[in-house]
Every structure is written in C-alpha cells, then in structure tokens.
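**Student:** Pasting structure.cif below, which is mmCIF, C-alpha atoms.
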data_run
#
loop_
_atom_site.label_atom_id
_atom_site.label_comp_id
_atom_site.auth_asym_id
_atom_site.auth_seq_id
_atom_site.Cartn_x
_atom_site.Cartn_y
_atom_site.Cartn_z
CA MET A 180 -4.80 2.03 -3.00
CA LYS A 181 -4.18 5.75 -2.44
CA GLN A 182 -6.48 7.31 0.14
CA ASN A 183 -8.99 9.81 -1.22
CA LYS A 184 -11.34 10.76 1.60
CA TYR A 185 -12.12 14.16 0.09
CA ASP A 186 -14.23 12.65 -2.68
CA GLU A 187 -16.51 11.00 -0.12
CA PRO A 188 -19.59 13.28 0.10
CA GLU A 189 -19.96 13.42 3.89
CA PHE A 190 -16.25 13.94 4.53
CA PHE A 191 -15.99 16.65 1.88
CA ALA A 192 -19.08 18.40 3.22
CA ASN A 193 -17.55 18.48 6.72
CA TYR A 194 -14.21 19.70 5.36
CA SER A 195 -15.95 22.45 3.43
CA GLN A 196 -17.36 23.83 6.71
CA MET A 197 -13.94 24.35 8.27
CA ALA A 198 -12.84 27.96 8.73
CA ARG A 199 -9.75 27.51 6.55
CA SER A 200 -11.94 26.04 3.81
CA GLN A 201 -14.32 28.98 3.82
CA GLN A 202 -12.03 31.89 4.67
CA GLY A 203 -8.74 30.78 3.16
CA LEU A 204 -5.20 31.30 4.32
CA GLU A 205 -5.94 34.03 6.85
CA ALA A 206 -8.07 31.54 8.81
CA ALA A 207 -5.22 29.03 8.93
CA GLY A 208 -3.45 29.35 12.26
CA GLU A 209 -0.05 28.47 10.79
CA TRP A 210 -0.20 30.75 7.75
CA HIS A 211 1.36 33.81 9.38
CA GLU A 212 4.51 31.70 9.96
CA LEU A 213 4.46 29.58 6.81
CA ARG A 214 4.20 32.69 4.64
CA THR A 215 7.52 34.01 5.98
CA MET A 216 9.25 30.76 4.99
CA LEU A 217 8.38 31.13 1.32
CA PRO A 218 11.01 32.58 -1.01
CA ASP A 219 10.35 35.46 -3.38
CA LEU A 220 7.81 34.03 -5.83
CA LYS A 221 8.02 36.73 -8.49
CA ASP A 222 8.66 35.26 -11.95
CA LYS A 223 8.95 31.74 -10.46
CA ASP A 224 7.46 28.48 -11.70
CA VAL A 225 5.59 27.05 -8.71
CA LEU A 226 4.25 23.55 -7.99
CA ASP A 227 1.67 22.98 -5.23
CA LEU A 228 1.40 19.36 -4.09
CA GLY A 229 -2.01 18.60 -2.60
CA CYS A 230 -3.37 21.99 -3.61
CA GLY A 231 -6.90 21.48 -2.25
CA PHE A 232 -9.03 24.55 -2.93
CA GLY A 233 -6.05 26.32 -4.52
CA TRP A 234 -5.44 28.93 -1.84
CA HIS A 235 -1.65 28.70 -2.10
CA CYS A 236 -1.80 28.65 -5.90
CA ARG A 237 -3.71 31.91 -5.98
CA TYR A 238 -1.41 33.42 -3.36
CA ALA A 239 1.61 32.56 -5.52
CA ARG A 240 0.08 34.41 -8.45
CA GLN A 241 -0.70 37.37 -6.22
CA GLN A 242 3.03 37.41 -5.54
CA GLN A 243 3.59 37.49 -9.33
CA ALA A 244 4.68 33.90 -9.86
CA LYS A 245 5.19 33.22 -13.58
CA SER A 246 3.20 29.98 -13.55
CA VAL A 247 1.53 27.77 -10.98
CA LEU A 248 0.57 24.10 -11.20
CA GLY A 249 -1.61 22.62 -8.46
CA ILE A 250 -2.15 18.88 -8.23
CA ASP A 251 -4.57 16.96 -6.07
CA LEU A 252 -6.03 13.46 -5.93
CA SER A 253 -9.54 14.74 -5.21
CA GLU A 254 -11.91 15.74 -7.99
CA ASN A 255 -14.02 17.60 -5.43
CA MET A 256 -11.04 19.66 -4.34
CA LEU A 257 -10.07 20.56 -7.88
CA GLN A 258 -13.60 21.42 -8.93
CA ARG A 259 -13.81 23.88 -6.04
CA ALA A 260 -10.34 25.26 -6.87
CA ILE A 261 -11.33 25.82 -10.49
CA GLN A 262 -14.55 27.58 -9.45
CA MET A 263 -12.55 29.94 -7.24
CA THR A 264 -9.82 30.68 -9.79
CA ASP A 265 -9.88 33.08 -12.73
CA ASP A 266 -6.28 33.08 -13.85
CA PRO A 267 -4.86 31.42 -17.00
CA LYS A 268 -1.45 31.16 -15.36
CA ILE A 269 -2.80 28.66 -12.81
CA GLU A 270 -3.32 25.08 -13.93
CA TYR A 271 -4.94 22.35 -11.85
CA ARG A 272 -4.28 18.66 -12.49
CA LEU A 273 -5.89 15.52 -11.07
CA GLN A 274 -2.99 13.40 -9.81
CA ALA A 275 -1.73 11.67 -6.69
CA ILE A 276 1.36 13.19 -5.13
CA GLU A 277 3.03 9.77 -5.20
CA ASP A 278 2.64 9.66 -9.00
CA ILE A 279 4.36 12.93 -9.93
CA ASP A 280 6.89 12.54 -12.73
CA PHE A 281 7.99 15.96 -13.91
CA ALA A 282 10.94 16.94 -16.06
CA PRO A 283 14.22 17.63 -14.27
CA GLU A 284 14.57 21.20 -13.02
CA GLN A 285 11.05 22.21 -14.07
CA PHE A 286 10.10 24.28 -11.00
CA ASP A 287 11.67 27.01 -8.89
CA VAL A 288 9.47 26.45 -5.83
CA VAL A 289 7.46 23.49 -4.54
CA ILE A 290 4.82 24.04 -1.84
CA SER A 291 2.92 21.37 0.04
CA SER A 292 0.49 22.23 2.82
CA LEU A 293 -0.87 19.54 5.17
CA ALA A 294 -0.77 16.73 2.62
CA LEU A 295 2.47 14.80 3.05
CA HIS A 296 1.50 13.11 6.33
CA TYR A 297 -0.97 11.04 4.29
CA LEU A 298 1.87 9.43 2.29
CA GLN A 299 3.49 6.13 3.24
CA ARG A 300 6.74 6.54 1.24
CA LEU A 301 7.70 10.14 1.76
CA ASP A 302 11.35 9.42 0.93
CA GLU A 303 10.40 8.54 -2.65
CA VAL A 304 8.32 11.70 -3.01
CA TYR A 305 11.15 13.87 -1.68
CA ALA A 306 13.48 12.36 -4.29
CA LYS A 307 10.98 13.19 -7.06
CA ILE A 308 10.58 16.73 -5.75
CA ASN A 309 14.34 17.20 -5.70
CA THR A 310 14.59 16.06 -9.31
CA CYS A 311 11.95 18.47 -10.60
CA LEU A 312 13.35 21.46 -8.68
CA LYS A 313 15.89 23.73 -10.32
CA SER A 314 19.30 24.03 -8.66
CA GLY A 315 18.88 26.33 -5.69
CA GLY A 316 15.12 25.81 -5.76
CA THR A 317 13.04 25.70 -2.60
CA LEU A 318 10.63 23.24 -1.03
CA VAL A 319 8.34 24.63 1.68
CA LEU A 320 6.07 22.16 3.43
CA SER A 321 3.79 21.78 6.39
CA VAL A 322 2.69 18.51 7.98
CA GLU A 323 0.96 17.54 11.16
CA HIS A 324 3.52 17.75 13.95
CA PRO A 325 4.96 14.43 15.18
CA ILE A 326 3.68 15.05 18.69
CA PHE A 327 0.26 15.35 17.07
CA THR A 328 0.54 12.20 14.93
CA ALA A 329 2.21 9.99 17.56
CA ARG A 330 -1.10 8.84 19.04
CA ALA A 331 -3.92 7.88 16.70
CA GLU A 332 -6.39 9.53 19.10
CA GLN A 333 -4.97 13.00 18.34
CA ASP A 334 -6.79 14.60 21.25
CA TRP A 335 -6.24 16.27 24.61
CA HIS A 336 -6.44 14.48 27.95
CA TYR A 337 -9.52 15.77 29.75
CA GLY A 338 -10.35 16.02 33.44
CA ALA A 339 -13.49 14.82 35.19
CA GLN A 340 -15.36 18.02 34.34
CA GLY A 341 -14.31 17.91 30.67
CA GLU A 342 -11.54 20.47 31.12
CA ILE A 343 -8.36 20.18 29.07
CA GLN A 344 -5.49 18.98 31.23
CA HIS A 345 -2.62 18.19 28.86
CA TRP A 346 -1.67 16.82 25.44
CA PRO A 347 -0.52 13.20 25.79
CA VAL A 348 2.37 11.86 23.69
CA ASP A 349 3.01 8.13 23.42
CA HIS A 350 4.55 5.63 20.98
CA TYR A 351 6.57 8.52 19.55
CA GLN A 352 9.44 6.33 18.31
CA GLN A 353 7.07 3.80 16.75
CA GLU A 354 6.77 5.25 13.27
CA GLY A 355 4.20 4.21 10.71
CA ARG A 356 0.49 3.98 10.04
CA ARG A 357 -2.09 5.60 12.28
CA VAL A 358 -5.88 5.53 11.90
CA ALA A 359 -7.07 8.88 13.23
CA HIS A 360 -10.63 10.13 13.64
CA PHE A 361 -10.96 13.37 11.67
CA LEU A 362 -14.18 15.10 10.59
CA ASP A 363 -16.21 12.16 11.95
CA GLN A 364 -14.34 9.70 9.72
CA ASP A 365 -11.42 7.28 10.08
CA VAL A 366 -8.45 8.65 8.17
CA VAL A 367 -5.09 6.94 7.59
CA LYS A 368 -2.03 9.05 8.38
CA TYR A 369 1.66 8.22 8.81
CA HIS A 370 3.65 9.17 11.87
CA ARG A 371 7.32 10.14 11.58
CA THR A 372 9.59 11.66 14.19
CA VAL A 373 11.04 15.13 13.70
CA ALA A 374 14.41 13.49 13.05
CA THR A 375 12.98 11.33 10.28
CA HIS A 376 11.32 14.31 8.61
CA LEU A 377 14.64 16.15 8.52
CA ASN A 378 16.78 13.15 7.61
CA GLU A 379 14.53 12.09 4.72
CA LEU A 380 14.92 15.57 3.27
CA THR A 381 18.70 15.64 3.61
CA ASN A 382 18.96 12.11 2.21
CA ALA A 383 17.04 13.30 -0.85
CA GLY A 384 19.57 16.06 -1.47
CA PHE A 385 18.04 19.02 0.36
CA VAL A 386 19.63 21.48 2.75
CA ILE A 387 17.37 22.49 5.63
CA GLN A 388 16.95 26.26 5.70
CA GLN A 389 14.33 26.81 8.37
CA VAL A 390 12.14 24.81 10.74
CA ALA A 391 9.08 26.15 12.56
CA GLU A 392 6.52 24.66 14.93
CA SER A 393 3.15 26.32 14.53
CA LYS A 394 1.67 28.73 17.01
CA PRO A 395 -1.25 31.09 16.40
CA SER A 396 -0.72 34.79 16.02
CA SER A 397 -1.54 37.04 18.96
CA ASP A 398 -4.52 38.43 17.04
CA MET A 399 -5.90 34.96 16.39
CA VAL A 400 -5.51 34.01 20.06
CA VAL A 401 -7.73 36.96 20.96
CA GLN A 402 -10.25 36.59 18.14
CA VAL A 403 -10.78 32.84 17.81
CA PRO A 404 -12.28 30.86 20.73
CA GLY A 405 -10.08 27.96 21.80
CA MET A 406 -7.04 29.17 19.88
CA ARG A 407 -5.18 29.94 23.11
CA ASP A 408 -4.93 26.18 23.70
CA GLU A 409 -2.88 25.94 20.49
CA LEU A 410 -0.07 27.66 22.40
CA ARG A 411 0.20 24.57 24.61
CA ARG A 412 1.53 22.32 21.84
CA PRO A 413 2.28 22.75 18.13
CA MET A 414 -0.15 21.12 15.73
CA PHE A 415 2.00 21.57 12.62
CA LEU A 416 5.65 21.21 11.65
CA MET A 417 6.90 23.48 8.86
CA ILE A 418 10.15 23.09 6.95
CA ALA A 419 11.86 25.13 4.26
CA ALA A 420 14.63 23.33 2.38
CA SER A 421 16.66 24.10 -0.73
CA LYS A 422 18.06 21.86 -3.43
CA VAL A 423 21.81 21.46 -3.23
#
Spit out the file's structure as structure tokens when you get a sec.

**Tutor:**
Amino acid sequence: MKQNKYDEPEFFANYSQMARSQQGLEAAGEWHELRTMLPDLKDKDVLDLGCGFGWHCRYARQQQAKSVLGIDLSENMLQRAIQMTDDPKIEYRLQAIEDIDFAPEQFDVVISSLALHYLQRLDEVYAKINTCLKSGGTLVLSVEHPIFTARAEQDWHYGAQGEIQHWPVDHYQQEGRRVAHFLDQDVVKYHRTVATHLNELTNAGFVIQQVAESKPSSDMVVQVPGMRDELRRPMFLMIAASKV
C-alpha cells in the first residue's frame, strides 16, 4: 500500500502549520538554490510530481510555462492547491507518483520537491520520468539528504544541558526502509546513498547537470531562529539532470 500520511487529519493539520506550508517557497530554506537549478520555463510543458499545495506549479506559470500538471496522492493536498490556484493552465490530478504513465516525450521539465524519498522503487519512477520527458528535457528534484535519512531518528546529538553537539551519521551504507518520527507521527522513508541517487538517474538515461546540498541563505540565517544550525549539515540533496 502506498503511504498517504497527508490525508490523516492530525498529520495534515501539523503539516499545514509549517512555515513553508503557510508562506510558500520563500520560507523553504533550499528554494534559493533549487530555483537556480531550474531551466528556462517559458513556453514549457511542466510536470510536478508530489505537487503538494502547488507552490512550484504556480511558480512555473509565473515564469510563463505553457502548461503545468501537478500530481499528488493526497486529496487534502490537492484541495488546498486548487483553493490557492486561479489559473486554467494549471491542472491538478490525484495520482501516486509510482503510477504515472504518460505519453512519450510529453513534458519539457519535470520537478519533484521532497517527495521521492518516500518511494521504495525510485529506479522504476526515474525510468518513467525519462520516457515522458522530451529529448533534452530536464528533471530537477530535491530529496532528504542521505546523511539525514541514514538514521531513522533524524535528529541532532544533544549534550547534558540540551545543547546541540553534532549530527550523528550511522548505517549509511545500509540502504532501505526507515521509520522516522515527523510531525508527531511515524513516517516511512527510504534511505539511499548519494552514489545510489546519482547512479539510478544515469542508469535511467539521464546526464547529471548539477548537484547541490542545501544551505540556508545568509538572510534566512539572520532572520529565522535556529537556521544557523542548518549550516552544520545539509538537510536536502538537489539534483538537476537532463534526458540524453
């Protein structure tokens, strides 16, 4: 069964209180870097996998994308996205990422933000994405960084007074299922090494164009309490790849 935590009322309510849920892309610490990895979206057909509230879909249209399709497994997510969208060129569809089956060379750009680490068979999804991308098309994705997913605890090591001491990494080479505690709930995620992320893309027919490990902007470090600690380890891995 595909995991759909976002349609559970308590989990969705907690998610809706997050800064990135309420304020959008500018509240996402990785956005200032991820944005630079996107190609020119003008007159492009764009697919957003795991679109959530539709922030990236609306951004694509702001950049004059020709059409945008956002898919998500969560009815709650899509209802919120629809409420926030007034644009006939954006379509939202209820569908699991694993179940996509689009026509060959249907899209110019595929975006996926913080969704793919929930998938068990990412290699199969990458193959489907490659098929539906036009030749020379671009995939831009972000996932939780492997040093973040390695341990199910996904937390700092604290000292006796509760002070942050360091970020522990363990079982890094042991890929697979992790049960992490996120928003007061147990959530299943899948850990892969950096090498596996890159190799699965190249095996699916992509050429890696750019890799980034998230760090907050200098403005966010000053303005947001606790954001300085995000300079001590990357939380997200971002990859831009093109179809051969």

**Student:** Determine the nearest neighbour of Val367 (chain A) from the options A:Ala419, A:Val304, A:Ala294, A:Ile343, counting all atoms listed in the file.

**Tutor:** A:Ala294

**Student:** What does the distance between CA of Asp278 (chain A) and CA of Gln299 (chain A) come to in Å, to one decimal place?

**Tutor:** 12.8 Å

**Student:** Under the PyMOL selection byres ((chain A and resi 255) around 8), which residues of this model are included? Write them out as a PDB file with C-alpha atoms, in the coordinates of the input.

**Tutor:**
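Below is the file result-v5.pdb, written as the result:
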ATOM      1  CA  TYR A 185     -12.120  14.160   0.090  1.00  0.00           C
ATOM      2  CA  ASP A 186     -14.230  12.650  -2.680  1.00  0.00           C
ATOM      3  CA  PHE A 191     -15.990  16.650   1.880  1.00  0.00           C
ATOM      4  CA  SER A 253      -9.540  14.740  -5.210  1.00  0.00           C
ATOM      5  CA  GLU A 254     -11.910  15.740  -7.990  1.00  0.00           C
ATOM      6  CA  MET A 256     -11.040  19.660  -4.340  1.00  0.00           C
ATOM      7  CA  LEU A 257     -10.070  20.560  -7.880  1.00  0.00           C
ATOM      8  CA  GLN A 258     -13.600  21.420  -8.930  1.00  0.00           C
ATOM      9  CA  ARG A 259     -13.810  23.880  -6.040  1.00  0.00           C
TER      10      ARG A 259
END

**Student:** Any idea what's packed within 7 Å of region 369-379 of chain A, counting all atoms listed in the file, ignoring anything in its chain fewer than 2 positions away? Could you give it as a ChimeraX atom specification?

**Tutor:** /A:296-299,302,325,328-329,351-352,354-357,367,381-383

**Student:** For the residues in that selection, give me C-alpha atoms as a compact mmCIF listing (two decimals), keeping the file's coordinate frame.

**Tutor:**
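Produced file again_0.txt, reproduced below:
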# COMPACT_ATOMS: atom_id res chain seq x y z
CA HIS A 296 1.50 13.11 6.33
CA TYR A 297 -0.97 11.04 4.29
CA LEU A 298 1.87 9.43 2.29
CA GLN A 299 3.49 6.13 3.24
CA ASP A 302 11.35 9.42 0.93
CA PRO A 325 4.96 14.43 15.18
CA THR A 328 0.54 12.20 14.93
CA ALA A 329 2.21 9.99 17.56
CA TYR A 351 6.57 8.52 19.55
CA GLN A 352 9.44 6.33 18.31
CA GLU A 354 6.77 5.25 13.27
CA GLY A 355 4.20 4.21 10.71
CA ARG A 356 0.49 3.98 10.04
CA ARG A 357 -2.09 5.60 12.28
CA VAL A 367 -5.09 6.94 7.59
CA THR A 381 18.70 15.64 3.61
CA ASN A 382 18.96 12.11 2.21
CA ALA A 383 17.04 13.30 -0.85

**Student:** Point out the residue among A:Leu301, A:Ile326, A:Ala198, A:Ile261 with the least atom-to-atom distance to Leu416 (chain A), counting only C-alpha atoms.

**Tutor:**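 Of all the options, A:Ile326 lies closest to Leu416 (chain A).
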
**Student:** List as a list of chain:residue names the protein and nucleic acid residues near region 308-313 of chain A, meaning an atom at most 7 Å away when only C-alpha atoms are counted, but skip any in the same chain fewer than 6 places from it.

**Tutor:**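 Once the adjacent positions are removed, what remains is A:Phe281, A:Ala282, A:Pro283, A:Glu284, A:Gln285, A:Phe286, A:Asp287, A:Val288, A:Ala383, A:Gly384, A:Lys422.
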
**Student:** I'd like the neighbourhood of Met263 (chain A) as a list in words, where a residue qualifies if any of its atoms comes within 12 Å (using all atoms listed in the file), though same-chain residues fewer than 4 positions away should be ignored.

**Tutor:** Ser200, Gln201, Gly203, Gly231, Phe232, Gly233, Trp234, Cys236, Arg237, Met256, Leu257, Gln258, Arg259, Ile269 and Tyr271 of chain A

**Student:** Could you check the closest approach to Val366 (chain A) for each of A:Gln333, A:Ser396, A:Gln202, A:Gln388 and tell me which residue wins, using all atoms listed in the file?

**Tutor:** A:Gln333

**Student:** Could you tell me, as a ChimeraX atom specification, exactly which residues end up selected when the PyMOL selection byres ((chain A and resi 406) around 12) is applied to this structure?

**Tutor:** /A:206-209,393-405,407-414

**Student:** If you measure from CA of Lys181 (chain A) to CA of Leu248 (chain A), what distance in Å do you get, rounded to one decimal?

**Tutor:**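 Going from CA of Lys181 (chain A) over to CA of Leu248 (chain A) covers 20.9 Å.
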
**Student:** By how many Å are CA of Leu204 (chain A) and CA of Ala359 (chain A) apart?

**Tutor:**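 Distance between the two atoms: 24.2 Å.
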
**Student:** From the options A:Ala306, A:Leu295, A:Val390, A:Ala260, which residue's atoms come nearest to Asp280 (chain A), counting only C-alpha atoms?

**Tutor:**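 Nearest candidate to Asp280 (chain A) out of A:Ala306, A:Leu295, A:Val390, A:Ala260: A:Ala306.
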
**Student:** Restricting the calculation to only C-alpha atoms: of A:Val225, A:Cys230, A:Lys184, A:Lys368, which residue gets closest to Lys268 (chain A)?

**Tutor:**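 Among the listed residues, the smallest separation from Lys268 (chain A) belongs to A:Val225.
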
**Student:** Applying 7 Å and all atoms listed in the file, which residues near Gln274 (chain A) remain after dropping the ones on its own chain fewer than 6 positions away? List them as a ChimeraX atom specification.

**Tutor:** /A:250-252

**Student:** Between A:Val423, A:Ala331, A:Ala244, A:Leu213, which is the closest to Ser292 (chain A) once you count all atoms listed in the file?

**Tutor:**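 Using all atoms listed in the file, Ser292 (chain A) sits closest to A:Leu213.
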
**Student:** So that I can see what lies close to Asp222 (chain A), please list as number ranges by chain the residues with an atom at most 10 Å from it, counting only C-alpha atoms and leaving out residues fewer than 3 positions away in the same chain.

**Tutor:** A: 219, 225, 239-240, 242-246, 287

**Student:** Which residues match the PyMOL selection byres ((chain A and resi 315) around 6) in the file above, as a VMD selection string?

**Tutor:** chain A and resid 314 316 421 to 422

**Student:** Could you rebuild region 343-354 of chain A with all heavy atoms and give it back as a PDB file, keeping the file's coordinate frame?

**Tutor:**
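Below is the file that was written, result-v6.pdb:
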ATOM      1  N   ILE A 343      -9.614  20.629  29.666  1.00  0.00           N
ATOM      2  CA  ILE A 343      -8.360  20.180  29.070  1.00  0.00           C
ATOM      3  C   ILE A 343      -7.266  20.181  30.130  1.00  0.00           C
ATOM      4  O   ILE A 343      -7.058  21.178  30.824  1.00  0.00           O
ATOM      5  CB  ILE A 343      -7.955  21.103  27.892  1.00  0.00           C
ATOM      6  CG1 ILE A 343      -8.932  20.927  26.722  1.00  0.00           C
ATOM      7  CG2 ILE A 343      -6.529  20.809  27.442  1.00  0.00           C
ATOM      8  CD1 ILE A 343      -8.678  21.879  25.582  1.00  0.00           C
ATOM      9  N   GLN A 344      -6.572  19.059  30.266  1.00  0.00           N
ATOM     10  CA  GLN A 344      -5.490  18.980  31.230  1.00  0.00           C
ATOM     11  C   GLN A 344      -4.112  19.013  30.567  1.00  0.00           C
ATOM     12  O   GLN A 344      -3.240  19.765  30.969  1.00  0.00           O
ATOM     13  CB  GLN A 344      -5.637  17.707  32.075  1.00  0.00           C
ATOM     14  CG  GLN A 344      -6.861  17.740  32.983  1.00  0.00           C
ATOM     15  CD  GLN A 344      -6.852  16.613  33.997  1.00  0.00           C
ATOM     16  OE1 GLN A 344      -6.298  15.542  33.773  1.00  0.00           O
ATOM     17  NE2 GLN A 344      -7.498  16.854  35.131  1.00  0.00           N
ATOM     18  N   HIS A 345      -3.904  18.174  29.556  1.00  0.00           N
ATOM     19  CA  HIS A 345      -2.620  18.190  28.860  1.00  0.00           C
ATOM     20  C   HIS A 345      -2.757  17.434  27.538  1.00  0.00           C
ATOM     21  O   HIS A 345      -3.769  16.766  27.290  1.00  0.00           O
ATOM     22  CB  HIS A 345      -1.516  17.549  29.714  1.00  0.00           C
ATOM     23  CG  HIS A 345      -1.757  16.102  30.028  1.00  0.00           C
ATOM     24  ND1 HIS A 345      -2.439  15.707  31.155  1.00  0.00           N
ATOM     25  CD2 HIS A 345      -1.433  14.965  29.362  1.00  0.00           C
ATOM     26  CE1 HIS A 345      -2.515  14.388  31.170  1.00  0.00           C
ATOM     27  NE2 HIS A 345      -1.926  13.911  30.092  1.00  0.00           N
ATOM     28  N   TRP A 346      -1.722  17.547  26.708  1.00  0.00           N
ATOM     29  CA  TRP A 346      -1.670  16.820  25.440  1.00  0.00           C
ATOM     30  C   TRP A 346      -0.774  15.588  25.618  1.00  0.00           C
ATOM     31  O   TRP A 346       0.419  15.717  25.817  1.00  0.00           O
ATOM     32  CB  TRP A 346      -1.121  17.695  24.317  1.00  0.00           C
ATOM     33  CG  TRP A 346      -1.117  16.985  22.992  1.00  0.00           C
ATOM     34  CD1 TRP A 346      -0.106  16.261  22.442  1.00  0.00           C
ATOM     35  CD2 TRP A 346      -2.214  16.913  22.061  1.00  0.00           C
ATOM     36  NE1 TRP A 346      -0.490  15.737  21.224  1.00  0.00           N
ATOM     37  CE2 TRP A 346      -1.777  16.121  20.960  1.00  0.00           C
ATOM     38  CE3 TRP A 346      -3.503  17.427  22.052  1.00  0.00           C
ATOM     39  CZ2 TRP A 346      -2.599  15.862  19.868  1.00  0.00           C
ATOM     40  CZ3 TRP A 346      -4.317  17.165  20.958  1.00  0.00           C
ATOM     41  CH2 TRP A 346      -3.863  16.380  19.890  1.00  0.00           C
ATOM     42  N   PRO A 347      -1.336  14.396  25.571  1.00  0.00           N
ATOM     43  CA  PRO A 347      -0.520  13.200  25.790  1.00  0.00           C
ATOM     44  C   PRO A 347       0.283  12.811  24.543  1.00  0.00           C
ATOM     45  O   PRO A 347      -0.205  12.936  23.410  1.00  0.00           O
ATOM     46  CB  PRO A 347      -1.561  12.121  26.116  1.00  0.00           C
ATOM     47  CG  PRO A 347      -2.810  12.581  25.427  1.00  0.00           C
ATOM     48  CD  PRO A 347      -2.769  14.082  25.420  1.00  0.00           C
ATOM     49  N   VAL A 348       1.511  12.368  24.761  1.00  0.00           N
ATOM     50  CA  VAL A 348       2.370  11.860  23.690  1.00  0.00           C
ATOM     51  C   VAL A 348       2.806  10.457  24.062  1.00  0.00           C
ATOM     52  O   VAL A 348       3.293  10.224  25.178  1.00  0.00           O
ATOM     53  CB  VAL A 348       3.613  12.751  23.477  1.00  0.00           C
ATOM     54  CG1 VAL A 348       4.527  12.159  22.416  1.00  0.00           C
ATOM     55  CG2 VAL A 348       3.194  14.165  23.104  1.00  0.00           C
ATOM     56  N   ASP A 349       2.627   9.516  23.149  1.00  0.00           N
ATOM     57  CA  ASP A 349       3.010   8.130  23.420  1.00  0.00           C
ATOM     58  C   ASP A 349       3.367   7.465  22.091  1.00  0.00           C
ATOM     59  O   ASP A 349       2.963   7.926  21.018  1.00  0.00           O
ATOM     60  CB  ASP A 349       1.856   7.393  24.094  1.00  0.00           C
ATOM     61  CG  ASP A 349       2.317   6.143  24.848  1.00  0.00           C
ATOM     62  OD1 ASP A 349       3.542   5.871  24.839  1.00  0.00           O
ATOM     63  OD2 ASP A 349       1.461   5.461  25.430  1.00  0.00           O
ATOM     64  N   HIS A 350       4.134   6.380  22.165  1.00  0.00           N
ATOM     65  CA  HIS A 350       4.550   5.630  20.980  1.00  0.00           C
ATOM     66  C   HIS A 350       5.249   6.534  19.951  1.00  0.00           C
ATOM     67  O   HIS A 350       5.151   6.298  18.739  1.00  0.00           O
ATOM     68  CB  HIS A 350       3.351   4.925  20.329  1.00  0.00           C
ATOM     69  CG  HIS A 350       2.591   4.043  21.277  1.00  0.00           C
ATOM     70  ND1 HIS A 350       3.149   2.929  21.869  1.00  0.00           N
ATOM     71  CD2 HIS A 350       1.321   4.133  21.751  1.00  0.00           C
ATOM     72  CE1 HIS A 350       2.256   2.359  22.654  1.00  0.00           C
ATOM     73  NE2 HIS A 350       1.148   3.066  22.612  1.00  0.00           N
ATOM     74  N   TYR A 351       5.955   7.542  20.447  1.00  0.00           N
ATOM     75  CA  TYR A 351       6.570   8.520  19.550  1.00  0.00           C
ATOM     76  C   TYR A 351       7.590   7.869  18.605  1.00  0.00           C
ATOM     77  O   TYR A 351       7.657   8.208  17.425  1.00  0.00           O
ATOM     78  CB  TYR A 351       7.245   9.625  20.364  1.00  0.00           C
ATOM     79  CG  TYR A 351       7.850  10.712  19.508  1.00  0.00           C
ATOM     80  CD1 TYR A 351       7.064  11.763  19.029  1.00  0.00           C
ATOM     81  CD2 TYR A 351       9.201  10.701  19.164  1.00  0.00           C
ATOM     82  CE1 TYR A 351       7.599  12.756  18.241  1.00  0.00           C
ATOM     83  CE2 TYR A 351       9.745  11.686  18.374  1.00  0.00           C
ATOM     84  CZ  TYR A 351       8.948  12.722  17.906  1.00  0.00           C
ATOM     85  OH  TYR A 351       9.488  13.702  17.116  1.00  0.00           O
ATOM     86  N   GLN A 352       8.391   6.954  19.132  1.00  0.00           N
ATOM     87  CA  GLN A 352       9.440   6.330  18.310  1.00  0.00           C
ATOM     88  C   GLN A 352       8.918   5.217  17.412  1.00  0.00           C
ATOM     89  O   GLN A 352       9.650   4.713  16.569  1.00  0.00           O
ATOM     90  CB  GLN A 352      10.552   5.783  19.217  1.00  0.00           C
ATOM     91  CG  GLN A 352      11.242   6.823  20.073  1.00  0.00           C
ATOM     92  CD  GLN A 352      12.062   7.831  19.267  1.00  0.00           C
ATOM     93  OE1 GLN A 352      12.221   7.686  18.065  1.00  0.00           O
ATOM     94  NE2 GLN A 352      12.572   8.849  19.939  1.00  0.00           N
ATOM     95  N   GLN A 353       7.670   4.855  17.573  1.00  0.00           N
ATOM     96  CA  GLN A 353       7.070   3.800  16.750  1.00  0.00           C
ATOM     97  C   GLN A 353       6.435   4.453  15.515  1.00  0.00           C
ATOM     98  O   GLN A 353       5.271   4.834  15.497  1.00  0.00           O
ATOM     99  CB  GLN A 353       6.025   3.022  17.540  1.00  0.00           C
ATOM    100  CG  GLN A 353       5.409   1.856  16.787  1.00  0.00           C
ATOM    101  CD  GLN A 353       4.353   1.143  17.609  1.00  0.00           C
ATOM    102  OE1 GLN A 353       4.339   1.239  18.835  1.00  0.00           O
ATOM    103  NE2 GLN A 353       3.462   0.439  16.928  1.00  0.00           N
ATOM    104  N   GLU A 354       7.229   4.563  14.471  1.00  0.00           N
ATOM    105  CA  GLU A 354       6.770   5.250  13.270  1.00  0.00           C
ATOM    106  C   GLU A 354       5.829   4.348  12.458  1.00  0.00           C
ATOM    107  O   GLU A 354       5.814   3.133  12.616  1.00  0.00           O
ATOM    108  CB  GLU A 354       7.955   5.676  12.411  1.00  0.00           C
ATOM    109  CG  GLU A 354       8.867   6.664  13.115  1.00  0.00           C
ATOM    110  CD  GLU A 354       9.979   7.180  12.228  1.00  0.00           C
ATOM    111  OE1 GLU A 354      10.553   6.381  11.453  1.00  0.00           O
ATOM    112  OE2 GLU A 354      10.273   8.379  12.294  1.00  0.00           O
TER     113      GLU A 354
END
